Structure formats: C-alpha cells, structure tokens
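Chemist: Next up, entry.tsv (TSV, C-alpha atoms).
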```tsv
chain	number	residue	atom	x	y	z
A	320	MET	CA	-30.74	6.50	17.77
A	321	LEU	CA	-28.52	6.91	14.72
A	322	ASP	CA	-29.45	9.69	12.33
A	323	LYS	CA	-29.54	9.03	8.59
A	324	ASN	CA	-25.92	10.10	8.01
A	325	ASP	CA	-24.64	7.95	10.88
A	326	SER	CA	-26.67	5.04	9.57
A	327	ASN	CA	-25.09	5.45	6.12
A	328	LYS	CA	-21.60	5.56	7.63
A	329	HIS	CA	-22.31	2.42	9.63
A	330	SER	CA	-23.59	0.69	6.51
A	331	ASN	CA	-20.53	1.82	4.53
A	332	SER	CA	-18.21	0.41	7.18
A	333	LYS	CA	-20.01	-2.94	7.24
A	334	ASN	CA	-19.93	-3.24	3.45
A	335	SER	CA	-16.24	-2.29	3.34
A	336	SER	CA	-15.38	-4.81	6.03
A	337	LYS	CA	-16.90	-7.57	3.91
A	338	SER	CA	-14.83	-6.60	0.87
A	339	PHE	CA	-11.58	-5.75	2.70
A	340	SER	CA	-9.43	-7.34	5.40
A	341	ILE	CA	-5.77	-7.80	6.27
A	342	GLU	CA	-6.09	-11.42	5.13
A	343	MET	CA	-7.34	-10.21	1.73
A	344	LEU	CA	-4.35	-7.90	1.40
A	345	LEU	CA	-2.00	-10.79	2.12
A	346	ASP	CA	-3.81	-12.82	-0.51
A	347	GLU	CA	-3.37	-10.05	-3.10
A	348	PHE	CA	0.36	-9.84	-2.38
A	349	SER	CA	0.68	-13.63	-2.55
A	350	TYR	CA	1.15	-12.95	-6.28
A	351	TRP	CA	4.85	-12.69	-5.36
A	352	PHE	CA	5.23	-15.84	-3.30
A	353	PRO	CA	5.62	-18.35	-6.18
A	354	LYS	CA	8.13	-15.94	-7.73
A	355	ALA	CA	10.19	-15.41	-4.57
A	356	ARG	CA	12.83	-18.01	-5.37
A	357	ASP	CA	13.46	-16.36	-8.75
A	358	TYR	CA	14.78	-13.35	-6.81
A	359	GLY	CA	16.72	-15.21	-4.15
A	360	TYR	CA	14.10	-15.48	-1.40
A	361	ALA	CA	11.88	-18.11	0.14
A	362	ALA	CA	8.18	-17.26	0.04
A	363	ASP	CA	7.86	-17.11	3.84
A	364	GLU	CA	10.73	-14.60	3.98
A	365	LEU	CA	8.60	-12.01	2.22
A	366	TYR	CA	5.92	-11.58	4.87
A	367	VAL	CA	5.34	-11.42	8.62
A	368	THR	CA	1.93	-11.46	10.28
A	369	ASP	CA	0.82	-10.27	13.68
A	370	GLU	CA	-2.53	-9.61	15.30
A	371	ASN	CA	-4.43	-7.29	12.91
A	372	ALA	CA	-1.23	-6.48	11.02
A	373	VAL	CA	0.95	-7.78	8.22
A	374	ALA	CA	4.26	-6.69	6.70
A	375	ILE	CA	4.84	-7.79	3.10
A	376	ALA	CA	7.92	-7.22	0.91
A	377	ILE	CA	8.22	-7.29	-2.86
A	378	PRO	CA	11.45	-7.15	-4.89
A	379	ILE	CA	12.32	-4.09	-6.92
A	380	PRO	CA	14.90	-3.91	-9.74
A	381	LEU	CA	17.68	-2.43	-7.59
A	382	LEU	CA	20.61	-4.61	-6.59
A	383	GLU	CA	22.78	-4.45	-3.47
A	384	ASP	CA	25.59	-6.98	-2.91
A	385	GLY	CA	23.96	-9.24	-5.47
A	386	ASN	CA	20.55	-9.12	-3.76
A	387	TYR	CA	17.40	-7.45	-4.98
A	388	ARG	CA	16.30	-4.59	-2.77
A	389	LEU	CA	12.84	-4.77	-1.22
A	390	TRP	CA	9.80	-2.54	-1.08
A	391	LEU	CA	8.11	-3.11	2.29
A	392	PHE	CA	4.41	-2.60	2.88
A	393	HIS	CA	3.00	-2.46	6.43
A	394	PHE	CA	-0.75	-2.82	6.90
A	395	CYS	CA	-2.59	-2.55	10.19
A	396	ARG	CA	-6.32	-2.60	10.97
A	397	VAL	CA	-7.50	-0.69	14.07
A	398	GLU	CA	-10.86	0.42	15.45
A	399	ARG	CA	-9.75	3.99	16.24
A	400	ILE	CA	-6.66	6.08	15.52
A	401	THR	CA	-5.35	9.47	16.67
A	402	PRO	CA	-2.38	11.50	15.38
A	403	ARG	CA	-0.39	10.46	18.46
A	404	GLY	CA	-1.47	6.86	17.98
A	405	VAL	CA	-0.01	6.89	14.46
A	406	GLU	CA	3.50	7.52	15.78
A	407	ILE	CA	3.23	4.75	18.36
A	408	LEU	CA	1.83	2.29	15.83
A	409	ILE	CA	4.53	3.02	13.23
A	410	ALA	CA	7.24	2.38	15.83
A	411	GLU	CA	5.66	-0.99	16.61
A	412	LEU	CA	5.12	-1.94	12.98
A	413	SER	CA	8.68	-1.00	12.02
A	414	ARG	CA	10.04	-3.81	14.17
A	415	MET	CA	7.96	-6.51	12.48
A	416	PHE	CA	10.29	-7.16	9.55
A	417	ASP	CA	13.68	-5.84	10.57
A	418	GLU	CA	15.03	-9.10	12.01
A	419	LYS	CA	14.51	-10.88	8.71
A	420	LEU	CA	15.60	-8.75	5.74
A	421	GLY	CA	15.57	-5.24	7.16
A	422	HIS	CA	19.00	-4.41	5.71
A	423	LEU	CA	17.62	-4.84	2.17
A	424	ILE	CA	14.59	-2.55	2.53
A	425	HIS	CA	14.69	0.33	0.06
A	426	PHE	CA	11.40	2.02	0.94
A	427	ARG	CA	8.60	1.54	3.49
A	428	HIS	CA	4.87	2.09	3.14
A	429	TYR	CA	2.60	2.27	6.20
A	430	TYR	CA	-1.15	1.89	5.74
A	431	ILE	CA	-3.28	2.21	8.87
A	432	ILE	CA	-6.88	1.22	8.17
A	433	ALA	CA	-9.27	2.49	10.81
A	434	ASP	CA	-12.98	2.33	11.54
A	435	ARG	CA	-12.74	5.75	13.18
A	436	VAL	CA	-10.22	8.58	12.67
A	437	THR	CA	-10.39	11.28	15.34
A	438	ARG	CA	-9.50	14.00	12.87
A	439	ARG	CA	-8.01	14.22	9.40
A	440	ILE	CA	-4.49	12.82	9.33
A	441	PRO	CA	-2.87	13.80	6.02
A	442	PRO	CA	-0.50	11.42	4.22
A	443	ARG	CA	3.21	11.90	4.81
A	444	CYS	CA	5.92	11.05	2.31
A	445	SER	CA	9.69	11.22	2.58
A	446	ARG	CA	12.59	9.57	0.79
A	447	ALA	CA	12.47	6.64	3.21
A	448	LYS	CA	8.79	6.03	3.90
A	449	SER	CA	5.19	6.99	3.32
A	450	VAL	CA	2.37	6.93	5.87
A	451	TYR	CA	-1.34	6.77	5.06
A	452	VAL	CA	-4.28	6.66	7.46
A	453	ILE	CA	-7.41	5.50	5.62
A	454	LYS	CA	-10.92	4.90	6.88
A	455	VAL	CA	-12.10	1.39	6.15
A	456	GLU	CA	-14.92	2.54	3.86
A	457	TYR	CA	-12.26	4.03	1.56
A	458	ALA	CA	-10.02	0.94	1.64
A	459	TYR	CA	-9.89	0.84	-2.14
A	460	LYS	CA	-7.50	3.82	-1.95
A	461	ILE	CA	-4.81	1.48	-0.66
A	462	TYR	CA	-4.82	-0.48	-3.89
A	463	GLU	CA	-5.01	2.65	-6.04
A	464	ILE	CA	-2.10	4.38	-4.31
A	465	ILE	CA	0.14	1.31	-4.40
A	466	ALA	CA	-0.69	0.67	-8.06
A	467	LYS	CA	0.18	4.25	-8.99
A	468	ALA	CA	3.37	4.17	-6.93
A	469	ILE	CA	4.60	0.95	-8.54
A	470	ALA	CA	3.72	2.14	-12.03
A	471	GLY	CA	5.52	5.44	-11.40
A	472	PHE	CA	8.62	3.70	-10.09
A	473	VAL	CA	8.81	1.33	-13.07
A	474	ARG	CA	8.40	4.22	-15.54
A	475	SER	CA	11.25	6.06	-13.84
A	476	PHE	CA	13.41	2.94	-13.76
A	477	ARG	CA	12.87	2.15	-17.42
A	478	LYS	CA	13.72	5.73	-18.33
A	479	ASN	CA	16.85	6.14	-16.20
A	480	VAL	CA	18.53	2.75	-15.93
A	481	LYS	CA	20.08	0.33	-18.40
A	482	TYR	CA	19.07	-3.16	-17.35
A	483	GLY	CA	19.44	-6.81	-18.27
A	484	ASP	CA	16.79	-9.37	-19.09
A	485	ASP	CA	16.21	-10.36	-15.46
A	486	LEU	CA	15.44	-6.79	-14.44
A	487	LEU	CA	13.20	-6.40	-17.47
A	488	VAL	CA	11.19	-9.43	-16.34
A	489	LEU	CA	10.84	-7.94	-12.87
A	490	CYS	CA	9.62	-4.64	-14.34
A	491	TYR	CA	6.99	-6.54	-16.30
A	492	GLU	CA	5.89	-8.45	-13.18
A	493	LEU	CA	5.61	-5.20	-11.21
A	494	GLU	CA	3.43	-3.71	-13.94
A	495	THR	CA	1.23	-6.82	-13.96
A	496	PHE	CA	0.89	-6.59	-10.17
A	497	ALA	CA	-0.04	-2.90	-10.36
A	498	GLU	CA	-2.80	-3.72	-12.85
A	499	LYS	CA	-4.05	-6.49	-10.53
A	500	LEU	CA	-4.31	-3.94	-7.68
A	501	ARG	CA	-6.12	-1.42	-9.89
A	502	LYS	CA	-8.73	-4.04	-10.75
A	503	ARG	CA	-9.11	-4.92	-7.08
A	504	ALA	CA	-9.69	-1.25	-6.25
A	505	ASP	CA	-12.49	-1.11	-8.82
A	506	GLU	CA	-14.07	-4.24	-7.35
A	507	ILE	CA	-14.09	-2.77	-3.84
A	508	LYS	CA	-15.49	0.54	-5.07
A	509	SER	CA	-18.31	-1.23	-6.88
A	510	THR	CA	-19.42	-2.88	-3.62
A	511	THR	CA	-19.25	0.24	-1.45
A	512	CYS	CA	-19.75	3.42	-3.49
A	513	ASN	CA	-23.47	2.90	-4.05
A	514	THR	CA	-24.09	3.60	-0.35
A	515	HIS	CA	-21.99	6.78	-0.17
A	516	HIS	CA	-23.54	10.22	-0.06
A	517	PRO	CA	-22.79	12.09	-3.35
A	518	SER	CA	-20.71	14.72	-1.57
A	519	ASP	CA	-18.71	12.01	0.19
A	520	THR	CA	-17.95	10.38	-3.16
A	521	ARG	CA	-16.74	13.67	-4.63
A	522	ASN	CA	-14.51	14.40	-1.64
A	523	LYS	CA	-12.93	10.94	-1.61
A	524	GLN	CA	-12.19	11.13	-5.34
A	525	ILE	CA	-10.42	14.46	-4.88
A	526	SER	CA	-8.50	13.15	-1.87
A	527	THR	CA	-7.40	9.99	-3.67
A	528	LYS	CA	-6.17	11.98	-6.69
A	529	GLU	CA	-4.23	14.45	-4.54
A	530	GLU	CA	-2.59	11.73	-2.43
A	531	ALA	CA	-1.58	9.63	-5.44
A	532	GLU	CA	-0.21	12.63	-7.36
A	533	GLU	CA	1.76	13.75	-4.32
A	534	TYR	CA	3.40	10.34	-4.03
A	535	LEU	CA	4.07	10.04	-7.76
A	536	ALA	CA	5.75	13.45	-7.71
A	537	LEU	CA	8.03	12.21	-4.93
A	538	LEU	CA	8.97	9.10	-6.89
A	539	GLU	CA	9.68	11.07	-10.07
A	540	ARG	CA	12.08	13.32	-8.17
A	541	ALA	CA	13.85	10.34	-6.60
A	542	GLU	CA	17.13	9.23	-8.13
A	543	VAL	CA	16.98	5.69	-9.46
A	544	VAL	CA	20.24	3.85	-8.95
A	545	LYS	CA	21.62	0.90	-10.87
```
Please rewrite the model in this file as structure tokens.
Modeler:
Amino acid sequence: MLDKNDSNKHSNSKNSSKSFSIEMLLDEFSYWFPKARDYGYAADELYVTDENAVAIAIPIPLLEDGNYRLWLFHFCRVERITPRGVEILIAELSRMFDEKLGHLIHFRHYYIIADRVTRRIPPRCSRAKSVYVIKVEYAYKIYEIIAKAIAGFVRSFRKNVKYGDDLLVLCYELETFAEKLRKRADEIKSTTCNTHHPSDTRNKQISTKEEAEEYLALLERAEVVK
C-alpha cells in the first residue's frame, strides 16, 4: 500500500501529466510556424517528431551565409531515467534534426522529462548545449528556464550588436514568445502546486532559481556575434 507521501507523489504526477505533454510543447512552439517563411524556412522544417520526443528550432538574430541561425530544443518524455541513460538518450536525440538544418544550429537544449529519476541529475551547460532532467511534476520549470534563457539572450544581443529592422522584429518576437512561456509556466504551477508538500515546494523553487541563474550567467558571458 502507498504511504501518504507516495500517494501525494502519484497524485502530483497524474495532475502534471494532464497539464503537460510533448504534444503541448509542440503546440506552444507552433507560435513560430506561421512566421517561419519570414526567416527563410518552411514551417515543417522547424520541427521533427518521434515517439515520445520532438525537436523544435526557432530562429535567433544571428546570420550565417545569409541564413538565420537556429536555437534547437529537444524534448523527450520517459518513464525512468538514470545518469547513464541520459548520455544514451542525448546521442539518439542529437540525430533527430541534423539531416535537415543541423549546419545552422547555434545552440542545443535537451529537456528529458521523466516520471522517475533514479537520483539527482544536475543540469549541465556548455557553450554548445544545455541538458536538463526534470521530473514531470515540475514540468513548469521547462517553460521558466527557456523563457529566462531567451530573455537573457535578447538583452545581451540588444546591448552588444547593432542591428537592422528585421533583427529588431525578431528580438521583439523572441520577447513575446518568452512571455508566452512564462504565462504557461504559471498555468501549470497553478494546477499542480496545491498538491505538493510545503517542503517540496520550497526545494523546487530554490532549484528552479539556481538552474535559471546558472544558465543566464552562461549566456551573459557568451560573446554575441553579428
């Protein structure tokens, strides 16, 4: 029989599953699909789906050979994940998009959403990619982290780069998208946080803040190129 804590965790997972899915993530990112042609892409070039996984690209205001560079987001939903499993999964996910526009990818995000995590797997950030393993009941963190990352990048870009009107429009669209994700995070939290134990809520808030600040610090140190 489940004890009270296990019962709460099970309830949290069920509530989170109702308010979060890979399909919902794709729907959130579909914000970019009507705009794709404005940046030289067809809508179906910006995403690839697979069983329980999706890779979605968005343009960023960096140009290479006349093309906008891309920020690539990988999302995968699994029942259980281990530290070793993360490495295997990232290798598989990395191949999802490379045949299409891999040469234009500027940065990669990997978000592995799991029902069970065998032990704490801290986020990893480098100049080329970031990796996050997040339990499904804390799925709202995905939206918060991405929103903060995009907002941080745009602030750095506006500060360091002289740009034309087209890049200014893209900056504005990125900021609008970040705000959309922040609102989505709040919606998910409102449906799940009422069932969390108070100590769990405090710990997740601290973790979210630390992870987001770590990633923002990385972006602020990164050199923005014209």
Chemist: Nearest to Arg438 of chain A among A:Glu492, A:Ile453, A:Gly385, A:Ile409, with distances taken over all atoms listed in the file: which residue is it?
Modeler: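 When distances to Arg438 of chain A are compared using all atoms listed in the file, the smallest one comes from A:Ile453.
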Chemist: Would you mind reading off the distance between atom CA of Phe339 of chain A and atom CA of Ala433 of chain A, one decimal, in Å?
Modeler: 11.8 Å
Chemist: With a distance cut-off of 10 Å and only C-alpha atoms, select the neighbouring residues of Val373 of chain A, excluding the residue or stretch itself and same-chain residues fewer than 6 positions from it, and output the selection as a VMD selection string.
Modeler: chain A and resid 341 to 342 344 to 345 366 to 367 392 to 396 412 415 to 416
Chemist: Which is closest to Lys454 of chain A among A:Glu398, A:Glu383, A:Glu494, A:Asp434, if we use only C-alpha atoms?
Modeler: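 Of the candidates, the smallest distance to Lys454 of chain A is held by A:Asp434.
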Chemist: Write out as a ChimeraX atom specification the residues lying within 12 Å of Ile469 of chain A, counting all atoms listed in the file and excluding same-chain residues fewer than 6 positions away.
Modeler: /A:377-380,390,392,426,428,462-463,475-476,489-501,531,534-535,538-539
Chemist: Quick one: everything within 12 Å of Leu382 of chain A, counting all atoms listed in the file, minus sequence neighbours fewer than 5 positions away in the same chain. Send it as a ChimeraX atom specification.
Modeler: /A:358-359,387-389,423-425,482-483,485-486,543-545
Chemist: Go ahead and compute the interatomic distance for atom CA of Asp484 of chain A and atom CA of Glu364 of chain A, in Å to one decimal.
Modeler: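 Going from atom CA of Asp484 of chain A over to atom CA of Glu364 of chain A, I get 24.4 Å.
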Chemist: So how far away is atom CA of Asn479 of chain A from atom CA of Trp351 of chain A, in Å?
Modeler: 24.8 Å
Chemist: Quick one: axis-aligned box around all listed atoms of segment 374-388 of chain A, 6 Å on every side, centre and edge lengths in Å to one decimal, written as AutoDock Vina command-line options.
Modeler:
```
--center_x 14.9 --center_y -5.8 --center_z -1.5 --size_x 33.3 --size_y 18.8 --size_z 28.4
```
Chemist: I'd like to know which of A:Val397, A:Val450, A:Ala468, A:Ala458 is closest to Val436 of chain A, using only C-alpha atoms.
Modeler: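 Using only C-alpha atoms, Val436 of chain A sits closest to A:Val397.
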